[in-house]
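Data file: work_18.cif. Format and content: mmCIF, C-alpha atoms and all ligand atoms.
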```cif
data_input
loop_
_atom_site.label_atom_id
_atom_site.label_comp_id
_atom_site.auth_asym_id
_atom_site.auth_seq_id
_atom_site.Cartn_x
_atom_site.Cartn_y
_atom_site.Cartn_z
CA MET A 932 9.63 18.10 -12.24
CA LYS A 933 7.48 14.97 -12.41
CA ILE A 934 6.68 12.81 -9.38
CA ALA A 935 5.00 9.42 -9.76
CA VAL A 936 3.26 7.79 -6.81
CA LEU A 937 2.42 4.07 -6.76
CA VAL A 938 -0.84 3.42 -4.95
CA LYS A 939 -2.66 0.20 -4.17
CA GLN A 940 -6.28 -0.36 -3.18
CA VAL A 941 -6.55 -2.89 -0.34
CA PRO A 942 -9.31 -4.41 1.79
CA ASP A 943 -10.17 -1.84 4.48
CA PRO A 944 -8.19 -3.04 7.55
CA ASN A 945 -10.99 -1.72 9.81
CA ALA A 946 -13.65 -3.74 8.02
CA ILE A 947 -11.90 -6.99 7.08
CA ARG A 948 -13.94 -10.13 7.63
CA PHE A 949 -12.56 -13.57 6.79
CA ASP A 950 -14.73 -16.46 5.60
CA PRO A 951 -13.03 -19.72 6.68
CA ARG A 952 -15.25 -21.72 4.30
CA LEU A 953 -14.06 -19.70 1.30
CA GLY A 954 -10.51 -19.48 2.67
CA ASP A 955 -10.71 -15.83 1.63
CA LEU A 956 -12.23 -12.49 2.58
CA VAL A 957 -16.00 -12.18 2.67
CA PRO A 958 -17.05 -11.02 -0.82
CA GLY A 959 -17.84 -7.31 -0.88
CA THR A 960 -15.32 -6.40 1.84
CA PRO A 961 -14.99 -2.57 1.72
CA GLN A 962 -11.84 -1.25 0.05
CA ALA A 963 -9.46 1.52 1.11
CA THR A 964 -6.21 3.08 -0.03
CA ASN A 965 -3.15 1.41 1.46
CA GLU A 966 -2.19 3.61 4.42
CA TYR A 967 1.50 4.09 3.59
CA ASP A 968 0.53 5.07 0.03
CA LEU A 969 -1.55 7.97 1.36
CA TYR A 970 1.58 9.21 3.18
CA ALA A 971 3.53 8.82 -0.07
CA VAL A 972 0.92 10.91 -1.95
CA GLU A 973 1.02 13.55 0.79
CA ALA A 974 4.82 13.79 0.53
CA ALA A 975 4.57 14.18 -3.27
CA LEU A 976 1.92 16.91 -2.94
CA ARG A 977 4.03 18.81 -0.40
CA MET A 978 7.04 18.58 -2.74
CA LYS A 979 4.86 19.98 -5.53
CA GLU A 980 3.71 22.86 -3.29
CA GLN A 981 7.28 23.63 -2.27
CA LEU A 982 8.94 23.35 -5.68
CA GLY A 983 6.19 24.60 -8.02
CA GLY A 984 6.09 23.56 -11.70
CA THR A 985 5.66 19.95 -10.63
CA GLU A 986 3.25 17.28 -11.84
CA VAL A 987 2.09 14.50 -9.52
CA VAL A 988 0.83 11.40 -11.32
CA VAL A 989 -0.58 8.43 -9.46
CA ALA A 990 -0.73 4.88 -10.83
CA SER A 991 -2.20 1.60 -9.72
CA VAL A 992 -2.13 -1.95 -11.00
CA GLY A 993 -5.48 -3.70 -10.51
CA THR A 994 -8.90 -2.37 -9.66
CA ALA A 995 -8.44 0.91 -7.81
CA ARG A 996 -10.97 3.45 -9.06
CA GLU A 997 -11.87 4.83 -5.59
CA THR A 998 -8.20 5.09 -4.62
CA LEU A 999 -7.22 6.92 -7.81
CA ASN A 1000 -10.23 9.27 -7.50
CA ARG A 1001 -9.27 10.03 -3.92
CA CYS A 1002 -5.70 10.88 -4.97
CA LEU A 1003 -7.02 13.22 -7.68
CA ALA A 1004 -9.39 14.82 -5.16
CA ILE A 1005 -6.58 15.62 -2.72
CA GLY A 1006 -4.36 17.18 -5.40
CA ALA A 1007 -2.74 14.66 -7.78
CA ASP A 1008 -2.79 15.97 -11.36
CA ARG A 1009 -3.30 12.75 -13.29
CA ALA A 1010 -4.21 9.10 -12.65
CA VAL A 1011 -3.33 5.91 -14.47
CA ALA A 1012 -5.14 2.60 -13.91
CA ILE A 1013 -3.40 -0.48 -15.30
CA GLU A 1014 -5.77 -3.40 -15.57
CA GLY A 1015 -6.01 -6.51 -17.66
CA PRO A 1016 -5.79 -10.29 -17.94
CA GLY A 1017 -3.11 -11.87 -15.78
CA LEU A 1018 -3.32 -9.08 -13.18
CA PRO A 1019 -2.70 -9.16 -10.33
CA GLY A 1020 -0.01 -11.78 -10.63
CA ASP A 1021 2.71 -12.00 -8.01
CA SER A 1022 4.66 -9.00 -6.74
CA LEU A 1023 7.28 -9.34 -9.52
CA ALA A 1024 4.56 -9.15 -12.19
CA THR A 1025 3.15 -6.05 -10.49
CA ALA A 1026 6.63 -4.51 -10.39
CA ARG A 1027 7.22 -5.33 -14.09
CA VAL A 1028 4.00 -3.58 -15.06
CA LEU A 1029 4.82 -0.53 -12.96
CA ALA A 1030 8.41 -0.40 -14.24
CA ALA A 1031 7.21 -0.58 -17.88
CA TRP A 1032 4.83 2.33 -17.23
CA LEU A 1033 7.50 4.32 -15.34
CA GLN A 1034 9.98 3.86 -18.20
CA ARG A 1035 7.43 5.57 -20.42
CA GLU A 1036 6.76 8.39 -17.96
CA ALA A 1037 10.39 8.96 -16.89
CA PRO A 1038 9.53 10.73 -13.60
CA ASP A 1039 12.24 12.47 -11.55
CA LEU A 1040 11.03 10.84 -8.35
CA ILE A 1041 8.90 7.84 -7.48
CA TRP A 1042 7.12 7.49 -4.15
CA ALA A 1043 5.71 4.14 -3.01
CA GLY A 1044 4.52 2.79 0.33
CA GLN A 1045 6.92 0.67 2.38
CA GLU A 1046 4.46 -2.24 2.25
CA THR A 1047 0.77 -2.97 1.89
CA SER A 1048 -1.70 -4.00 4.57
CA ASP A 1049 -2.92 -7.00 2.55
CA ALA A 1050 -0.23 -9.12 0.84
CA GLY A 1051 2.42 -6.97 2.57
CA THR A 1052 5.48 -8.44 0.88
CA GLY A 1053 7.30 -5.09 0.75
CA ASN A 1054 8.69 -6.38 -2.57
CA VAL A 1055 7.20 -3.99 -5.10
CA GLY A 1056 9.23 -0.83 -4.32
CA PRO A 1057 12.64 -2.59 -4.35
CA GLN A 1058 11.71 -4.65 -7.44
CA VAL A 1059 10.63 -1.55 -9.39
CA ALA A 1060 13.84 0.28 -8.42
CA ALA A 1061 15.93 -2.74 -9.48
CA LEU A 1062 14.11 -3.06 -12.81
CA LEU A 1063 14.65 0.65 -13.51
CA GLY A 1064 18.23 0.59 -12.23
CA ILE A 1065 17.69 3.54 -9.87
CA PRO A 1066 18.50 3.99 -6.16
CA LEU A 1067 15.95 3.09 -3.51
CA VAL A 1068 15.56 4.65 -0.08
CA SER A 1069 13.34 2.65 2.28
CA ASN A 1070 11.55 3.50 5.55
CA VAL A 1071 11.36 7.22 4.72
CA VAL A 1072 9.86 9.36 7.51
CA GLY A 1073 11.07 12.82 6.45
CA TRP A 1074 12.56 14.73 3.51
CA GLU A 1075 14.12 18.03 2.56
CA TYR A 1076 14.72 19.17 -1.01
CA ARG A 1077 17.30 21.93 -1.36
CA ASP A 1078 19.42 22.97 -4.37
CA GLY A 1079 18.59 19.79 -6.27
CA VAL A 1080 19.73 17.56 -3.41
CA LEU A 1081 17.19 15.43 -1.64
CA THR A 1082 17.91 14.59 1.99
CA LEU A 1083 15.86 11.76 3.41
CA GLU A 1084 15.27 10.77 6.98
CA ARG A 1085 14.95 7.03 7.49
CA GLU A 1086 13.62 5.15 10.47
CA ILE A 1087 16.00 2.39 11.52
CA GLU A 1088 16.04 0.14 14.55
CA ASP A 1089 16.60 2.26 17.67
CA GLY A 1090 17.03 5.50 15.74
CA HIS A 1091 16.99 7.58 12.61
CA GLN A 1092 19.42 8.02 9.72
CA PHE A 1093 19.84 10.75 7.10
CA GLN A 1094 20.70 9.93 3.48
CA GLN A 1095 21.20 12.12 0.44
CA VAL A 1096 20.17 10.99 -3.00
CA GLN A 1097 20.28 12.47 -6.48
CA PRO A 1098 17.03 11.92 -8.46
CA PRO A 1099 15.81 9.81 -10.16
CA ALA A 1100 15.19 7.60 -7.15
CA LEU A 1101 12.43 5.55 -5.56
CA LEU A 1102 11.37 6.39 -2.00
CA CYS A 1103 9.33 4.08 0.25
CA ALA A 1104 7.10 5.94 2.70
CA LEU A 1105 6.25 5.13 6.30
CA SER A 1106 3.40 6.67 8.26
CA ALA A 1107 5.58 9.04 10.31
CA LEU A 1108 5.59 11.44 7.31
CA ASP A 1109 3.15 14.39 7.26
CA GLU A 1110 -0.48 13.46 7.98
CA PRO A 1111 -2.33 12.81 4.68
CA ARG A 1112 -4.88 15.48 3.80
CA LEU A 1113 -8.56 14.64 3.38
CA PRO A 1114 -10.52 15.22 0.16
CA THR A 1115 -12.66 18.38 0.13
CA LEU A 1116 -15.95 18.75 -1.77
CA ARG A 1117 -14.23 21.17 -4.17
CA GLY A 1118 -11.38 18.67 -4.66
CA ILE A 1119 -13.86 15.89 -5.43
CA MET A 1120 -15.58 18.08 -8.05
CA GLU A 1121 -12.25 19.11 -9.60
CA ALA A 1122 -11.09 15.49 -9.72
CA ARG A 1123 -13.79 14.73 -12.29
CA ARG A 1124 -12.13 17.07 -14.78
CA LYS A 1125 -8.59 15.77 -14.28
CA PRO A 1126 -7.01 13.38 -16.84
CA SER A 1127 -7.46 9.72 -16.06
CA GLU A 1128 -5.94 7.03 -18.26
CA ARG A 1129 -6.61 3.30 -18.40
CA LEU A 1130 -3.86 1.05 -19.78
CA SER A 1131 -3.50 -2.68 -20.27
CA PRO A 1132 -0.22 -4.61 -19.91
CA ALA A 1133 -0.27 -5.00 -23.73
CA ASP A 1134 -0.29 -1.18 -24.08
CA LEU A 1135 3.00 -1.27 -22.16
CA GLY A 1136 4.48 -3.97 -24.39
CA LEU A 1137 4.04 -6.77 -21.82
CA THR A 1138 2.87 -10.27 -22.69
CA GLU A 1139 1.00 -12.78 -20.51
CA GLU A 1140 4.32 -14.62 -20.15
CA ASP A 1141 5.89 -11.53 -18.57
CA LEU A 1142 3.12 -11.59 -15.96
CA ALA A 1143 2.96 -15.31 -15.18
CA PRO A 1144 3.40 -15.70 -11.39
CA VAL A 1145 6.66 -17.33 -10.33
CA VAL A 1146 5.51 -17.31 -6.70
CA SER A 1147 2.24 -19.18 -6.30
CA TRP A 1148 -0.19 -18.35 -3.56
CA GLY A 1149 -1.19 -20.95 -0.99
CA GLY A 1150 -4.40 -20.91 1.10
CA LEU A 1151 -5.21 -18.30 3.72
CA PHE A 1152 -6.17 -19.31 7.24
CA LEU A 1153 -6.81 -17.62 10.53
CA GLU A 1154 -4.73 -18.38 13.59
CA GLU A 1155 -6.95 -20.20 16.09
CA GLU A 1156 -7.59 -17.95 19.05
CA LYS A 1157 -6.73 -19.66 22.31
CA ALA A 1158 -7.73 -18.12 25.67
CA ALA A 1159 -5.40 -18.77 28.61
CA GLY A 1160 -8.30 -20.07 30.76
CA ILE A 1161 -8.42 -20.57 34.52
CA VAL A 1162 -8.34 -23.77 36.51
CA LEU A 1163 -9.81 -24.02 40.00
CA ARG A 1164 -8.01 -26.61 42.14
CA ASP A 1165 -8.41 -27.69 45.73
CA VAL A 1166 -11.57 -25.64 46.37
CA ASP A 1167 -14.85 -27.08 47.60
CA PRO A 1168 -17.69 -27.11 45.05
CA ASP A 1169 -19.62 -24.20 46.67
CA GLN A 1170 -16.57 -21.97 46.65
CA ALA A 1171 -15.80 -23.00 43.07
CA VAL A 1172 -19.31 -21.96 41.98
CA GLU A 1173 -18.94 -18.61 43.76
CA GLN A 1174 -15.56 -17.99 42.13
CA LEU A 1175 -16.84 -18.92 38.68
CA VAL A 1176 -19.89 -16.65 39.02
CA ALA A 1177 -17.64 -13.78 40.21
CA PHE A 1178 -15.30 -14.37 37.26
CA LEU A 1179 -18.18 -14.36 34.74
CA GLN A 1180 -19.68 -11.21 36.28
CA GLU A 1181 -16.31 -9.44 36.29
CA HIS A 1182 -15.96 -10.13 32.55
CA ARG A 1183 -19.58 -9.12 31.92
CA LEU A 1184 -20.41 -12.56 30.58
CA ILE A 1185 -23.52 -12.90 32.78
C1 LIG A 1201 -6.60 -12.33 -7.03
C2 LIG A 1201 -5.18 -12.24 -6.57
C3 LIG A 1201 -4.29 -13.23 -6.92
C4 LIG A 1201 -2.96 -13.17 -6.50
N1 LIG A 1201 -2.13 -14.18 -6.82
C5 LIG A 1201 -0.84 -14.16 -6.38
C6 LIG A 1201 0.07 -15.22 -6.68
O1 LIG A 1201 -0.29 -16.18 -7.35
N2 LIG A 1201 1.32 -15.15 -6.19
C7 LIG A 1201 1.74 -14.09 -5.41
O2 LIG A 1201 2.88 -14.07 -4.97
N3 LIG A 1201 0.90 -13.07 -5.13
C8 LIG A 1201 -0.36 -13.07 -5.59
N4 LIG A 1201 -1.20 -12.04 -5.28
C9 LIG A 1201 -0.70 -10.94 -4.48
C10 LIG A 1201 -0.47 -9.69 -5.31
O3 LIG A 1201 0.07 -9.92 -6.54
C11 LIG A 1201 0.40 -8.71 -4.51
O4 LIG A 1201 -0.45 -8.23 -3.53
C12 LIG A 1201 0.91 -7.57 -5.34
O5 LIG A 1201 1.84 -8.01 -6.25
C13 LIG A 1201 1.57 -6.45 -4.55
O6 LIG A 1201 2.35 -6.99 -3.58
P1 LIG A 1201 2.18 -6.46 -2.10
O7 LIG A 1201 0.75 -6.21 -1.79
O8 LIG A 1201 2.93 -7.39 -1.27
O9 LIG A 1201 2.88 -5.04 -2.20
P2 LIG A 1201 4.10 -4.45 -1.36
O10 LIG A 1201 5.36 -4.83 -2.01
O11 LIG A 1201 3.94 -4.74 0.10
O12 LIG A 1201 3.78 -2.91 -1.63
C14 LIG A 1201 4.73 -1.87 -1.44
C15 LIG A 1201 4.26 -0.66 -2.21
O13 LIG A 1201 4.32 -0.92 -3.61
C16 LIG A 1201 3.25 -0.24 -4.26
N5 LIG A 1201 2.32 -1.21 -4.83
C17 LIG A 1201 2.12 -2.50 -4.45
N6 LIG A 1201 1.16 -3.06 -5.22
C18 LIG A 1201 0.78 -2.11 -6.10
C19 LIG A 1201 -0.19 -2.07 -7.15
N7 LIG A 1201 -0.94 -3.13 -7.43
N8 LIG A 1201 -0.34 -0.92 -7.85
C20 LIG A 1201 0.43 0.16 -7.58
N9 LIG A 1201 1.34 0.19 -6.58
C21 LIG A 1201 1.50 -0.94 -5.87
C22 LIG A 1201 2.54 0.59 -3.19
O14 LIG A 1201 3.14 1.86 -3.13
C23 LIG A 1201 2.84 -0.23 -1.94
O15 LIG A 1201 2.73 0.52 -0.75
C24 LIG A 1201 -2.51 -12.07 -5.73
C25 LIG A 1201 -3.41 -11.05 -5.40
C26 LIG A 1201 -4.73 -11.13 -5.81
C27 LIG A 1201 -5.68 -10.03 -5.43
#
```
File written out as structure tokens:
Amino acid sequence: MKIAVLVKQVPDPNAIRFDPRLGDLVPGTPQATNEYDLYAVEAALRMKEQLGGTEVVVASVGTARETLNRCLAIGADRAVAIEGPGLPGDSLATARVLAAWLQREAPDLIWAGQETSDAGTGNVGPQVAALLGIPLVSNVVGWEYRDGVLTLEREIEDGHQFQQVQPPALLCALSALDEPRLPTLRGIMEARRKPSERLSPADLGLTEEDLAPVVSWGGLFLEEEKAAGIVLRDVDPDQAVEQLVAFLQEHRLI
């Protein structure tokens, strides 16, 4: 069995800093693996451990060396980085690239995250499934594979739902799946010897036209933070001063 996992490297949500003058993130913002994608990799690795004779291959469109190395270090067998001019485009271009690569690989199952913590469109999984013409199961929080039938637990509003699907299929992971494992020193050393491939869109038969964004990106801006504030009315000036000093002390501002 072959399982492909789609992973994206994103700005580390714990370290994001926005530069309003640039209208973008501060250059050099640390990167991390998209959280849901780590849950997707963990699910694929557990399937491999349960089923045996299974290959887990991870792929990313765009710069994602640390993310792919991390996936190899925790147990993925092979990594594919797809980089080149015109990337990243919009989510449809990303999906086209991934679908072209997946057509070549023909995996039995594809895991993706439900959405990313940066652009967060949640488009890529459904678009890839549509381009490949395979079923998609979203919001996956649990799975059981028995006698060739995959049962998936989905999180839905106010509850959970079980669905059965016959591979090939694409599954979108949420964070309620098993906790992702951490890389070990041995895993990091082993990762260096695992196969790692770098492809361009042209290697997959895609032209710049295929990747031209149809959705153009506008500017980014931060919501202005507004404090509720307090207003002192009908108090004499001495009392007002006392109340203001007490307020500032309570909030450790003086
Ligand atoms: C420099 C730059 C320019 C951009 N310009 C545009 C633009 O003009 N128009 C526009 O609409 N968007 C633009 N984007 C956004 C970018 O194309 C999207 O972030 C990307 O297509 C993925 O969409 P998403 O993050 O919303 O993924 P989602 O759909 O939220 O991701 C769901 C899941 O799909 C998989 N996935 C998503 N992205 C990848 C990936 N790259 N590799 C492997 N798996 C992946 C992961 O499993 C992920 O959890 C730009 C981004 C950058 C960095």
Note to self: Between A:Gln1174, A:Gln1180, A:Asn1000, A:Gln1045, which residue has the minimum interatomic distance to ligand LIG 1201 (chain A), considering all atoms listed in the file?
What the structure shows: A:Gln1045
Could you list, with a cut-off of 6 Å and counting only C-alpha atoms and all ligand atoms, the residues of chain A near ligand LIG 1201 (chain A), each shown with its nearest atom pair and the distance in Å rounded to one decimal, rows sorted by chain and ascending number, as a Markdown table?
```
| residue | atom | partner | partner_atom | distance |
| --- | --- | --- | --- | --- |
| A:Leu937 | CA | A:LIG1201 | N9 | 4.0 |
| A:Val938 | CA | A:LIG1201 | N9 | 4.2 |
| A:Lys939 | CA | A:LIG1201 | C19 | 4.5 |
| A:Tyr967 | CA | A:LIG1201 | O15 | 5.8 |
| A:Asp968 | CA | A:LIG1201 | O15 | 5.1 |
| A:Ala990 | CA | A:LIG1201 | C20 | 5.8 |
| A:Ser991 | CA | A:LIG1201 | N8 | 3.6 |
| A:Val992 | CA | A:LIG1201 | N8 | 3.8 |
| A:Gly993 | CA | A:LIG1201 | N7 | 5.5 |
| A:Pro1019 | CA | A:LIG1201 | O3 | 4.8 |
| A:Gly1020 | CA | A:LIG1201 | O3 | 4.5 |
| A:Asp1021 | CA | A:LIG1201 | C7 | 3.5 |
| A:Ser1022 | CA | A:LIG1201 | O5 | 3.0 |
| A:Thr1025 | CA | A:LIG1201 | O5 | 4.9 |
| A:Ala1043 | CA | A:LIG1201 | O14 | 3.4 |
| A:Gly1044 | CA | A:LIG1201 | O15 | 3.1 |
| A:Gln1045 | CA | A:LIG1201 | C14 | 5.1 |
| A:Glu1046 | CA | A:LIG1201 | O11 | 3.3 |
| A:Thr1047 | CA | A:LIG1201 | O11 | 4.0 |
| A:Asp1049 | CA | A:LIG1201 | O7 | 5.7 |
| A:Ala1050 | CA | A:LIG1201 | O7 | 4.0 |
| A:Gly1051 | CA | A:LIG1201 | O11 | 3.7 |
| A:Thr1052 | CA | A:LIG1201 | O8 | 3.5 |
| A:Gly1053 | CA | A:LIG1201 | O10 | 3.4 |
| A:Asn1054 | CA | A:LIG1201 | O10 | 3.7 |
| A:Val1055 | CA | A:LIG1201 | O10 | 3.7 |
| A:Gly1056 | CA | A:LIG1201 | O13 | 5.0 |
| A:Pro1144 | CA | A:LIG1201 | O1 | 5.5 |
| A:Val1146 | CA | A:LIG1201 | O2 | 4.5 |
| A:Ser1147 | CA | A:LIG1201 | O1 | 4.1 |
| A:Trp1148 | CA | A:LIG1201 | O1 | 4.4 |
```
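Minimum atom-to-atom distances from A:Arg1124, A:Arg1001, A:Arg1129, A:Arg1035 to A:Ala935 were compared using all atoms listed in the file, and the lowest value belongs to A:Arg1035.
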Check: Interatomic distance between atom CA of A:Leu1063 and atom CA of A:Pro1099?
Finding: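 Between these atoms lies a distance of 9.8 Å.
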Next item on the list: Kindly give the distance, in Å, that separates atom CA of A:Ala1026 and atom CA of A:Val988, rounded to a single decimal.
Entry: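 We find that atom CA of A:Ala1026 and atom CA of A:Val988 lie 17.0 Å from each other.
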Margin query: Using only C-alpha atoms, can you tell me which of A:Leu1102, A:Ile934, A:Val1072, A:Ala971 comes closest to A:Thr985?
Written below: A:Ile934
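Here the question is which of A:Leu1081, A:Leu1018, A:Leu1003, A:Val1068 gets nearest to A:Arg1112 using all atoms listed in the file, and that residue is A:Leu1003.
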Margin query: Excluding stretch 973-979 of chain A and its own-chain neighbours fewer than 6 positions away, which residues fall within 9 Å of it when counting all atoms listed in the file? Please give them as a list in words.
Written below: Met932, Lys933, Ile934, Ala935, Val936, Thr985, Glu986, Val987, Ile1005, Gly1006, Ala1007, Leu1040, Ile1041, Trp1042, Gly1073, Trp1074, Glu1075, Tyr1076, Ala1104, Leu1108, Asp1109, Glu1110, Pro1111 and Arg1112 of chain A
Would you mind exporting C-alpha atoms of the selected residues as a PDB file, in the frame of the given file?
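Saved result, again.pdb, follows:
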```
ATOM      1  CA  MET A 932       9.630  18.100 -12.240  1.00  0.00           C
ATOM      2  CA  LYS A 933       7.480  14.970 -12.410  1.00  0.00           C
ATOM      3  CA  ILE A 934       6.680  12.810  -9.380  1.00  0.00           C
ATOM      4  CA  ALA A 935       5.000   9.420  -9.760  1.00  0.00           C
ATOM      5  CA  VAL A 936       3.260   7.790  -6.810  1.00  0.00           C
ATOM      6  CA  THR A 985       5.660  19.950 -10.630  1.00  0.00           C
ATOM      7  CA  GLU A 986       3.250  17.280 -11.840  1.00  0.00           C
ATOM      8  CA  VAL A 987       2.090  14.500  -9.520  1.00  0.00           C
ATOM      9  CA  ILE A1005      -6.580  15.620  -2.720  1.00  0.00           C
ATOM     10  CA  GLY A1006      -4.360  17.180  -5.400  1.00  0.00           C
ATOM     11  CA  ALA A1007      -2.740  14.660  -7.780  1.00  0.00           C
ATOM     12  CA  LEU A1040      11.030  10.840  -8.350  1.00  0.00           C
ATOM     13  CA  ILE A1041       8.900   7.840  -7.480  1.00  0.00           C
ATOM     14  CA  TRP A1042       7.120   7.490  -4.150  1.00  0.00           C
ATOM     15  CA  GLY A1073      11.070  12.820   6.450  1.00  0.00           C
ATOM     16  CA  TRP A1074      12.560  14.730   3.510  1.00  0.00           C
ATOM     17  CA  GLU A1075      14.120  18.030   2.560  1.00  0.00           C
ATOM     18  CA  TYR A1076      14.720  19.170  -1.010  1.00  0.00           C
ATOM     19  CA  ALA A1104       7.100   5.940   2.700  1.00  0.00           C
ATOM     20  CA  LEU A1108       5.590  11.440   7.310  1.00  0.00           C
ATOM     21  CA  ASP A1109       3.150  14.390   7.260  1.00  0.00           C
ATOM     22  CA  GLU A1110      -0.480  13.460   7.980  1.00  0.00           C
ATOM     23  CA  PRO A1111      -2.330  12.810   4.680  1.00  0.00           C
ATOM     24  CA  ARG A1112      -4.880  15.480   3.800  1.00  0.00           C
TER      25      ARG A1112
END
```
